[in-house]
$ cat input_6.txt   # compact mmCIF, C-alpha atoms and all ligand atoms
# COMPACT_ATOMS: atom_id res chain seq x y z
CA MET A 74 8.41 -10.02 -17.64
CA SER A 75 8.30 -7.29 -15.03
CA THR A 76 11.60 -5.53 -14.38
CA VAL A 77 10.58 -5.36 -10.72
CA THR A 78 10.42 -8.71 -8.91
CA LYS A 79 10.39 -7.66 -5.25
CA THR A 80 7.92 -5.69 -3.18
CA VAL A 81 8.45 -4.33 0.32
CA ILE A 82 5.34 -4.06 2.49
CA PRO A 83 5.94 -2.15 5.75
CA VAL A 84 3.36 -3.09 8.38
CA ALA A 85 5.30 -2.37 11.58
CA GLY A 86 3.69 0.99 12.41
CA LEU A 87 1.84 1.50 15.69
CA SER A 88 -1.58 2.13 14.05
CA THR A 89 -2.41 4.85 16.55
CA ARG A 90 -5.43 6.01 14.53
CA PHE A 91 -7.02 2.57 14.79
CA GLN A 92 -6.64 1.90 18.51
CA PRO A 93 -7.86 0.00 20.40
CA ALA A 94 -8.92 -2.34 17.55
CA THR A 95 -5.28 -2.93 16.65
CA LYS A 96 -3.84 -3.16 20.13
CA ALA A 97 -3.37 -6.94 19.92
CA ILE A 98 -3.91 -7.71 16.23
CA PRO A 99 -2.11 -6.13 13.29
CA LYS A 100 -4.02 -3.53 11.27
CA ALA A 101 -3.04 -5.46 8.14
CA MET A 102 -5.16 -8.39 9.39
CA LEU A 103 -8.40 -6.41 9.71
CA PRO A 104 -10.89 -8.02 7.33
CA VAL A 105 -12.09 -6.10 4.31
CA VAL A 106 -15.28 -8.06 3.50
CA ASP A 107 -13.84 -11.60 3.44
CA ALA A 108 -10.05 -11.21 3.31
CA PRO A 109 -7.55 -9.35 5.47
CA SER A 110 -6.36 -6.11 3.92
CA ILE A 111 -2.82 -7.50 3.48
CA GLU A 112 -4.20 -10.10 1.06
CA TYR A 113 -5.42 -7.37 -1.29
CA VAL A 114 -1.95 -5.80 -1.23
CA VAL A 115 -0.05 -9.02 -1.92
CA SER A 116 -2.59 -9.95 -4.63
CA GLU A 117 -2.03 -6.57 -6.27
CA ALA A 118 1.71 -7.26 -6.40
CA ALA A 119 1.17 -10.76 -7.78
CA ALA A 120 -1.10 -9.37 -10.51
CA ALA A 121 1.75 -7.03 -11.49
CA GLY A 122 4.15 -9.97 -11.82
CA ILE A 123 5.85 -9.46 -8.45
CA SER A 124 6.20 -12.77 -6.62
CA ASP A 125 8.67 -11.89 -3.85
CA ALA A 126 7.07 -10.00 -0.96
CA LEU A 127 9.08 -8.78 2.02
CA LEU A 128 6.96 -7.85 5.04
CA ILE A 129 8.53 -5.39 7.47
CA THR A 130 6.87 -6.40 10.70
CA GLY A 131 6.93 -5.66 14.41
CA ARG A 132 6.31 -7.57 17.60
CA GLY A 133 3.07 -9.60 17.69
CA GLN A 134 2.51 -9.55 13.92
CA GLU A 135 3.27 -13.19 13.14
CA ALA A 136 -0.31 -13.73 11.95
CA ILE A 137 0.43 -11.75 8.79
CA ALA A 138 3.03 -14.20 7.47
CA ASP A 139 0.90 -17.15 8.71
CA HIS A 140 -1.89 -15.96 6.43
CA PHE A 141 0.28 -16.80 3.40
CA ASP A 142 1.39 -20.20 4.73
CA ALA A 143 -0.30 -23.56 4.20
CA ALA A 144 -2.83 -24.53 6.91
CA PRO A 145 -2.95 -28.36 6.59
CA GLU A 146 -5.42 -29.03 9.43
CA LEU A 147 -7.88 -26.41 8.18
CA GLU A 148 -7.47 -27.55 4.60
CA ARG A 149 -8.16 -31.20 5.59
CA ALA A 150 -11.28 -30.12 7.51
CA LEU A 151 -12.68 -28.19 4.55
CA GLU A 152 -11.84 -31.08 2.23
CA ALA A 153 -13.68 -33.52 4.55
CA LYS A 154 -16.74 -31.23 4.56
CA GLY A 155 -16.63 -31.06 0.77
CA ASP A 156 -16.42 -27.26 0.96
CA GLN A 157 -14.36 -26.88 -2.19
CA ALA A 158 -15.12 -23.18 -2.67
CA ARG A 159 -13.71 -22.18 0.74
CA LEU A 160 -10.84 -24.63 0.40
CA ALA A 161 -9.86 -22.97 -2.88
CA LYS A 162 -9.92 -19.53 -1.24
CA VAL A 163 -7.83 -20.73 1.70
CA GLN A 164 -5.29 -22.40 -0.58
CA ALA A 165 -5.11 -19.48 -3.03
CA THR A 166 -3.13 -17.43 -0.52
CA ASN A 167 -0.51 -20.18 -0.02
CA ASP A 168 1.05 -19.60 -3.41
CA LEU A 169 0.32 -15.93 -3.98
CA ALA A 170 3.92 -14.92 -3.33
CA ARG A 171 7.13 -16.02 -1.70
CA VAL A 172 6.66 -14.17 1.57
CA HIS A 173 9.69 -13.09 3.61
CA VAL A 174 9.79 -11.24 6.90
CA VAL A 175 12.23 -8.75 8.38
CA ARG A 176 11.60 -7.27 11.81
CA GLN A 177 11.97 -3.53 12.14
CA GLY A 178 12.81 -3.70 15.86
CA GLU A 179 11.42 -0.29 16.66
CA ALA A 180 8.91 1.76 14.68
CA LEU A 181 11.28 4.60 13.81
CA GLY A 182 9.39 5.68 10.70
CA LEU A 183 8.49 4.53 7.20
CA GLY A 184 11.94 5.50 5.87
CA HIS A 185 13.58 3.35 8.54
CA ALA A 186 11.21 0.47 7.73
CA VAL A 187 12.17 0.63 4.04
CA LEU A 188 15.87 0.76 4.96
CA THR A 189 15.56 -2.57 6.80
CA ALA A 190 14.79 -4.11 3.38
CA ALA A 191 18.20 -3.15 1.92
CA ASP A 192 19.91 -6.56 2.28
CA HIS A 193 16.94 -8.45 0.86
CA VAL A 194 16.43 -6.08 -2.07
CA GLY A 195 20.05 -5.68 -3.21
CA GLU A 196 20.93 -3.45 -6.15
CA VAL A 197 17.69 -3.56 -8.12
CA PRO A 198 14.56 -1.37 -8.34
CA PHE A 199 11.78 -2.55 -6.04
CA ALA A 200 8.17 -1.75 -5.18
CA VAL A 201 6.91 -0.45 -1.83
CA GLN A 202 3.23 -0.90 -0.96
CA LEU A 203 1.63 0.61 2.11
CA GLY A 204 -1.12 -1.60 3.45
CA ASP A 205 -3.41 1.30 4.38
CA ASP A 206 -4.00 2.03 0.71
CA LEU A 207 -5.96 -0.54 -1.26
CA ILE A 208 -5.99 -0.22 -5.03
CA ASP A 209 -9.09 -1.66 -6.68
CA PRO A 210 -8.05 -4.85 -8.51
CA ARG A 211 -9.86 -3.52 -11.60
CA ASP A 212 -7.68 -0.35 -11.70
CA GLU A 213 -4.04 -1.36 -11.39
CA ILE A 214 -1.23 1.16 -10.92
CA LEU A 215 1.98 -0.82 -10.34
CA PRO A 216 2.49 -1.82 -14.01
CA ALA A 217 2.50 1.85 -15.12
CA MET A 218 4.93 2.73 -12.32
CA ILE A 219 7.24 -0.17 -13.20
CA ALA A 220 7.22 0.88 -16.87
CA ALA A 221 8.02 4.48 -15.92
CA GLN A 222 10.92 3.40 -13.69
CA ALA A 223 12.32 1.13 -16.42
CA GLU A 224 12.21 4.02 -18.92
CA LEU A 225 13.29 6.91 -16.71
CA GLY A 226 15.40 5.30 -13.94
CA GLY A 227 15.49 6.78 -10.44
CA SER A 228 12.33 6.40 -8.38
CA VAL A 229 8.63 6.67 -9.13
CA ILE A 230 5.86 7.64 -6.73
CA ALA A 231 2.09 7.29 -7.10
CA LEU A 232 0.02 10.47 -7.16
CA MET A 233 -3.70 11.09 -7.13
CA GLU A 234 -5.67 14.29 -7.72
CA VAL A 235 -7.65 15.24 -4.62
CA PRO A 236 -9.95 18.22 -3.93
CA THR A 237 -7.76 21.14 -2.77
CA GLU A 238 -9.39 21.22 0.68
CA GLN A 239 -8.24 17.62 1.29
CA ILE A 240 -4.58 18.07 0.33
CA SER A 241 -3.62 18.87 3.92
CA SER A 242 -4.17 15.18 4.77
CA TYR A 243 -1.45 14.04 2.35
CA GLY A 244 2.07 14.55 1.12
CA CYS A 245 1.79 16.86 -1.89
CA ALA A 246 4.04 16.88 -5.00
CA ALA A 247 5.15 19.85 -7.08
CA VAL A 248 5.53 18.58 -10.65
CA GLU A 249 6.52 19.54 -14.18
CA PRO A 250 6.05 17.65 -17.46
CA ALA A 251 8.27 14.56 -17.79
CA GLN A 252 10.67 14.31 -20.70
CA ALA A 253 9.52 10.94 -22.00
CA ASP A 254 6.34 11.65 -23.99
CA ALA A 255 6.03 7.95 -24.81
CA LEU A 256 4.76 7.30 -21.29
CA GLY A 257 1.83 9.72 -21.61
CA ALA A 258 0.64 12.78 -19.74
CA ASP A 259 0.04 10.88 -16.50
CA VAL A 260 3.79 10.58 -15.93
CA VAL A 261 5.26 13.76 -14.46
CA ARG A 262 8.62 14.84 -13.04
CA VAL A 263 8.49 15.59 -9.32
CA THR A 264 10.47 18.69 -8.37
CA HIS A 265 9.67 18.71 -4.67
CA MET A 266 7.32 17.37 -2.04
CA VAL A 267 5.56 19.06 0.87
CA GLU A 268 4.12 17.07 3.76
CA LYS A 269 0.48 17.94 4.59
CA PRO A 270 0.44 21.55 3.31
CA ALA A 271 -2.37 24.01 4.05
CA PRO A 272 -4.51 24.27 0.87
CA GLN A 273 -3.27 27.81 0.14
CA ASP A 274 0.38 26.65 0.35
CA ALA A 275 -0.02 23.44 -1.68
CA PRO A 276 2.03 23.44 -4.92
CA SER A 277 -0.57 21.21 -6.64
CA ASN A 278 -3.60 19.05 -5.90
CA LEU A 279 -1.53 15.89 -6.43
CA ALA A 280 -1.47 13.77 -3.29
CA MET A 281 1.10 11.05 -2.70
CA ILE A 282 -0.52 7.66 -2.18
CA GLY A 283 1.09 4.53 -0.76
CA ARG A 284 2.77 2.99 -3.80
CA TYR A 285 6.39 3.48 -4.83
CA VAL A 286 8.86 1.94 -7.26
CA LEU A 287 12.24 2.90 -5.85
CA GLY A 288 15.74 2.70 -7.22
CA PRO A 289 18.29 1.07 -4.88
CA GLY A 290 19.98 4.48 -4.58
CA ILE A 291 17.28 5.33 -2.02
CA PHE A 292 19.05 3.20 0.61
CA ASP A 293 22.18 5.35 0.85
CA VAL A 294 20.04 8.46 1.16
CA LEU A 295 17.90 6.85 3.87
CA ARG A 296 21.04 5.95 5.84
CA SER A 297 21.84 9.63 6.16
CA THR A 298 18.28 10.98 6.51
CA PRO A 299 17.74 12.36 10.02
CA PRO A 300 14.42 11.95 11.82
CA GLY A 301 11.88 14.46 10.52
CA ARG A 302 8.15 14.95 11.15
CA GLY A 303 7.00 13.14 14.29
CA ASN A 304 10.66 12.38 15.04
CA GLU A 305 10.43 9.55 12.47
CA ILE A 306 12.75 8.81 9.55
CA GLN A 307 10.53 9.81 6.67
CA LEU A 308 10.63 8.19 3.22
CA THR A 309 9.36 11.47 1.78
CA ASP A 310 12.41 13.33 3.15
CA ALA A 311 14.75 10.89 1.38
CA LEU A 312 12.77 11.23 -1.87
CA GLN A 313 12.92 14.99 -1.50
CA THR A 314 16.75 14.82 -1.26
CA LEU A 315 16.80 12.72 -4.44
CA ALA A 316 14.35 14.97 -6.32
CA GLN A 317 16.51 17.99 -5.59
CA GLY A 318 19.85 16.28 -6.29
CA GLY A 319 19.38 15.61 -10.00
CA GLN A 320 21.38 12.32 -10.09
CA HIS A 321 18.40 10.10 -9.28
CA PRO A 322 15.20 11.59 -10.74
CA VAL A 323 11.84 11.20 -9.04
CA HIS A 324 8.80 10.86 -11.28
CA GLY A 325 5.14 10.53 -10.44
CA VAL A 326 2.43 8.43 -12.08
CA VAL A 327 -1.02 9.99 -11.68
CA PHE A 328 -3.51 7.28 -10.74
CA ARG A 329 -7.10 7.85 -11.88
CA GLY A 330 -8.67 4.66 -10.57
CA ARG A 331 -10.35 3.58 -7.35
CA ARG A 332 -8.31 3.69 -4.15
CA TYR A 333 -9.52 2.92 -0.65
CA ASP A 334 -8.07 3.89 2.73
CA THR A 335 -8.10 1.41 5.61
CA GLY A 336 -5.90 3.38 8.01
CA ASN A 337 -8.61 4.86 10.26
CA PRO A 338 -12.07 3.67 11.32
CA LEU A 339 -14.19 5.99 9.14
CA ASP A 340 -12.31 5.41 5.90
CA TYR A 341 -12.09 1.70 6.73
CA LEU A 342 -15.90 1.57 6.99
CA LYS A 343 -16.24 3.29 3.62
CA THR A 344 -13.79 0.78 2.13
CA VAL A 345 -15.70 -2.21 3.48
CA VAL A 346 -19.02 -0.84 2.18
CA SER A 347 -17.55 0.01 -1.26
CA LEU A 348 -15.89 -3.36 -1.76
CA GLY A 349 -18.83 -5.19 -0.14
CA ALA A 350 -21.23 -3.56 -2.61
CA ASP A 351 -19.11 -4.82 -5.52
CA HIS A 352 -18.40 -8.27 -4.10
CA PRO A 353 -19.30 -10.98 -6.65
CA ASP A 354 -21.01 -13.31 -4.12
CA LEU A 355 -22.23 -10.92 -1.43
CA GLY A 356 -22.75 -7.60 -3.23
CA GLU A 357 -26.32 -8.07 -4.40
CA ASP A 358 -27.69 -9.19 -1.01
CA PHE A 359 -25.62 -6.57 0.80
CA MET A 360 -26.97 -3.76 -1.41
CA THR A 361 -30.57 -4.94 -0.93
CA TRP A 362 -30.03 -4.80 2.83
CA LEU A 363 -28.19 -1.47 2.64
CA ARG A 364 -30.99 0.21 0.66
CA SER A 365 -33.62 -0.87 3.18
CA PHE A 366 -31.35 0.11 6.08
CA LEU A 367 -30.91 3.59 4.62
CA ALA A 368 -34.61 3.94 3.85
CA GLY A 369 -35.31 3.39 7.55
CA ARG A 370 -32.91 6.12 8.77
P1 LIG B 401 1.58 5.34 9.01
O1 LIG B 401 2.24 6.61 9.16
O2 LIG B 401 0.24 5.29 8.38
O3 LIG B 401 1.62 4.68 10.47
O4 LIG B 401 2.58 4.38 8.22
P2 LIG B 401 0.72 3.65 11.22
O5 LIG B 401 1.50 3.30 12.41
O6 LIG B 401 0.27 2.51 10.38
O7 LIG B 401 -0.61 4.40 11.60
P3 LIG B 401 -0.95 5.68 12.52
O8 LIG B 401 -0.65 6.87 11.63
O9 LIG B 401 -0.13 5.62 13.78
O10 LIG B 401 -2.40 5.49 12.79
C1 LIG B 401 2.41 3.99 6.88
C2 LIG B 401 2.83 2.54 6.72
O11 LIG B 401 4.18 2.37 7.15
C3 LIG B 401 4.29 1.39 8.16
C4 LIG B 401 2.90 1.31 8.77
O12 LIG B 401 2.69 0.02 9.33
C5 LIG B 401 2.00 1.59 7.58
O13 LIG B 401 1.74 0.42 6.83
N1 LIG B 401 5.32 1.79 9.13
C6 LIG B 401 5.31 3.04 9.66
C7 LIG B 401 6.29 0.89 9.50
O14 LIG B 401 6.33 -0.26 9.02
N2 LIG B 401 7.23 1.28 10.42
C8 LIG B 401 7.24 2.52 10.95
O15 LIG B 401 8.14 2.81 11.77
C9 LIG B 401 6.25 3.43 10.57
$ encode --input "input_6.txt" --output "structure tokens"
Amino acid sequence: MSTVTKTVIPVAGLSTRFQPATKAIPKAMLPVVDAPSIEYVVSEAAAAGISDALLITGRGQEAIADHFDAAPELERALEAKGDQARLAKVQATNDLARVHVVRQGEALGLGHAVLTAADHVGEVPFAVQLGDDLIDPRDEILPAMIAAQAELGGSVIALMEVPTEQISSYGCAAVEPAQADALGADVVRVTHMVEKPAPQDAPSNLAMIGRYVLGPGIFDVLRSTPPGRGNEIQLTDALQTLAQGGQHPVHGVVFRGRRYDTGNPLDYLKTVVSLGADHPDLGEDFMTWLRSFLAGR
């Protein structure tokens, strides 16, 4: 049994890097091969034993919750056509999680989005998953983060080694060895965090990626966190306060698996090609086409 039963998935951002594709449809509904990116995120939570998913949404994003609802007319049509394979895929999302929705009202930052989950979450640790980051289903990270939070308390963030020249695209964590050896060398104590540092100023090559297991103590800190970078209430600023306070430790789990970014058009394309190449039904034909396409360039 997982000690974490709830995940918070903020999707209410303005997606400025993906305009105009996301002017009228949510970024979380952009298809990655044959499923919207949000489905990968909710499936990841379900695979980690988390069956309660709270979406933090904005205006015009109703399609995201609809994706996890039954679609009786569509299901009857597929049934009548005898298309059992597609029917199974359509129905699989109905029961993936109990999906709840809270509206953020105004996109005042990721920290503000997480704070709107306080009433739903209550006084228990919870996961946060950012939809721009897809974790390959073959390389899970949430179970290790949940185990670390259960052992060490406080909050746990996901880290990934990146080449030094790329660290300026990420939040960067300064770390020291964690005290619990039982969890292995990939669990570290976070001493502070720097948002998008220049490579020469970066305290490490450990980038923060969009997965968190947070203690409920984060909510009080978020309530008193002023707007920071971009005039937004930043989750990283609240974590920084906790890391420096000592009462509520912040640890990091270093992820060494495959992660994909869907937050901007170029990385999104790379994600679709990577996951398309590995797709069980489409991968072989897609790769045959891709090789001949590249040979002709
Ligand atoms: P990002 O900073 O990547 O924002 O937020 P964004 O709006 O999606 O994209 P850009 O940077 O403008 O292109 C990380 C996650 O937090 C959510 C976003 O939807 C995204 O999933 N978020 C951000 C909110 O839910 N509310 C906010 O106020 C800000």
$ residues_near_ligand --input "input_6.txt" --ligand "ligand LIG 401 (chain B)" --cutoff "10 Å" --atoms "only C-alpha atoms and all ligand atoms" --output "PyMOL selection string"
chain A and resi 81-92+95+99-101+111+128-131+176-187+189+201-206+283+303+305-308+335-338
$ closest_residue --input "input_6.txt" --among "A:Glu117, A:Glu135, A:Asp156, A:Asp310" --to "A:Ile98" --atoms "all atoms listed in the file"
A:Glu135
$ residues_around --input "input_6.txt" --residues "A:Glu213" --least-positions-apart "5" --cutoff "12 Å" --atoms "only C-alpha atoms" --output "ChimeraX atom specification"
/A:113-114,116-122,207-208,218-219,231,284,326-332
$ residues_around --input "input_6.txt" --residues "A:Asp125" --least-positions-apart "5" --cutoff "10 Å" --atoms "only C-alpha atoms" --output "list in words"
Val77, Thr78, Lys79, Thr80, Val81, Val115, Ala118, Ala119, Leu169, Ala170, Arg171, Val172, His173 and Val194 of chain A
$ atom_distance --input "input_6.txt" --atom1 "atom CA of A:Val175" --atom2 "atom CA of A:Ala144"
21.9 Å
$ residues_near_point --input "input_6.txt" --point "(4.0, 17.7, -4.6)" --cutoff "7 Å" --atoms "only C-alpha atoms" --output "mmCIF file with C-alpha atoms, in the frame of the given file"
data_model
loop_
_atom_site.group_PDB
_atom_site.id
_atom_site.type_symbol
_atom_site.label_atom_id
_atom_site.label_comp_id
_atom_site.auth_asym_id
_atom_site.auth_seq_id
_atom_site.Cartn_x
_atom_site.Cartn_y
_atom_site.Cartn_z
ATOM 1 C CA GLY A 244 2.070 14.550 1.120
ATOM 2 C CA CYS A 245 1.790 16.860 -1.890
ATOM 3 C CA ALA A 246 4.040 16.880 -5.000
ATOM 4 C CA ALA A 247 5.150 19.850 -7.080
ATOM 5 C CA VAL A 248 5.530 18.580 -10.650
ATOM 6 C CA VAL A 263 8.490 15.590 -9.320
ATOM 7 C CA HIS A 265 9.670 18.710 -4.670
ATOM 8 C CA MET A 266 7.320 17.370 -2.040
ATOM 9 C CA VAL A 267 5.560 19.060 0.870
ATOM 10 C CA PRO A 276 2.030 23.440 -4.920
ATOM 11 C CA SER A 277 -0.570 21.210 -6.640
ATOM 12 C CA LEU A 279 -1.530 15.890 -6.430
ATOM 13 C CA ALA A 280 -1.470 13.770 -3.290
#
$ atom_distance --input "input_6.txt" --atom1 "atom CA of A:Asp293" --atom2 "atom CA of A:Gly226"
16.3 Å
$ closest_residue --input "input_6.txt" --among "A:Val105, A:Ala97, A:Ile240, A:Val323" --to "A:Ala350" --atoms "all atoms listed in the file"
A:Val105
$ closest_residue --input "input_6.txt" --among "A:Val106, A:Leu312, A:Leu151, A:Ala271" --to "A:Val229" --atoms "all atoms listed in the file"
A:Leu312
$ residues_around --input "input_6.txt" --residues "A:Val345" --least-positions-apart "6" --cutoff "12 Å" --atoms "only C-alpha atoms" --output "ChimeraX atom specification"
/A:103-110,207,333-335,338-339,351-352,355-356,359
$ atom_distance --input "input_6.txt" --atom1 "atom CA of A:Ala217" --atom2 "atom CA of A:Leu342"
28.8 Å
$ axis_aligned_box --input "input_6.txt" --around "stretch 213-230 of chain A" --padding-each-side "6 Å" --output "JSON"
{"center_x": 5.7, "center_y": 2.9, "center_z": -12.8, "size_x": 31.5, "size_y": 21.5, "size_z": 24.2}
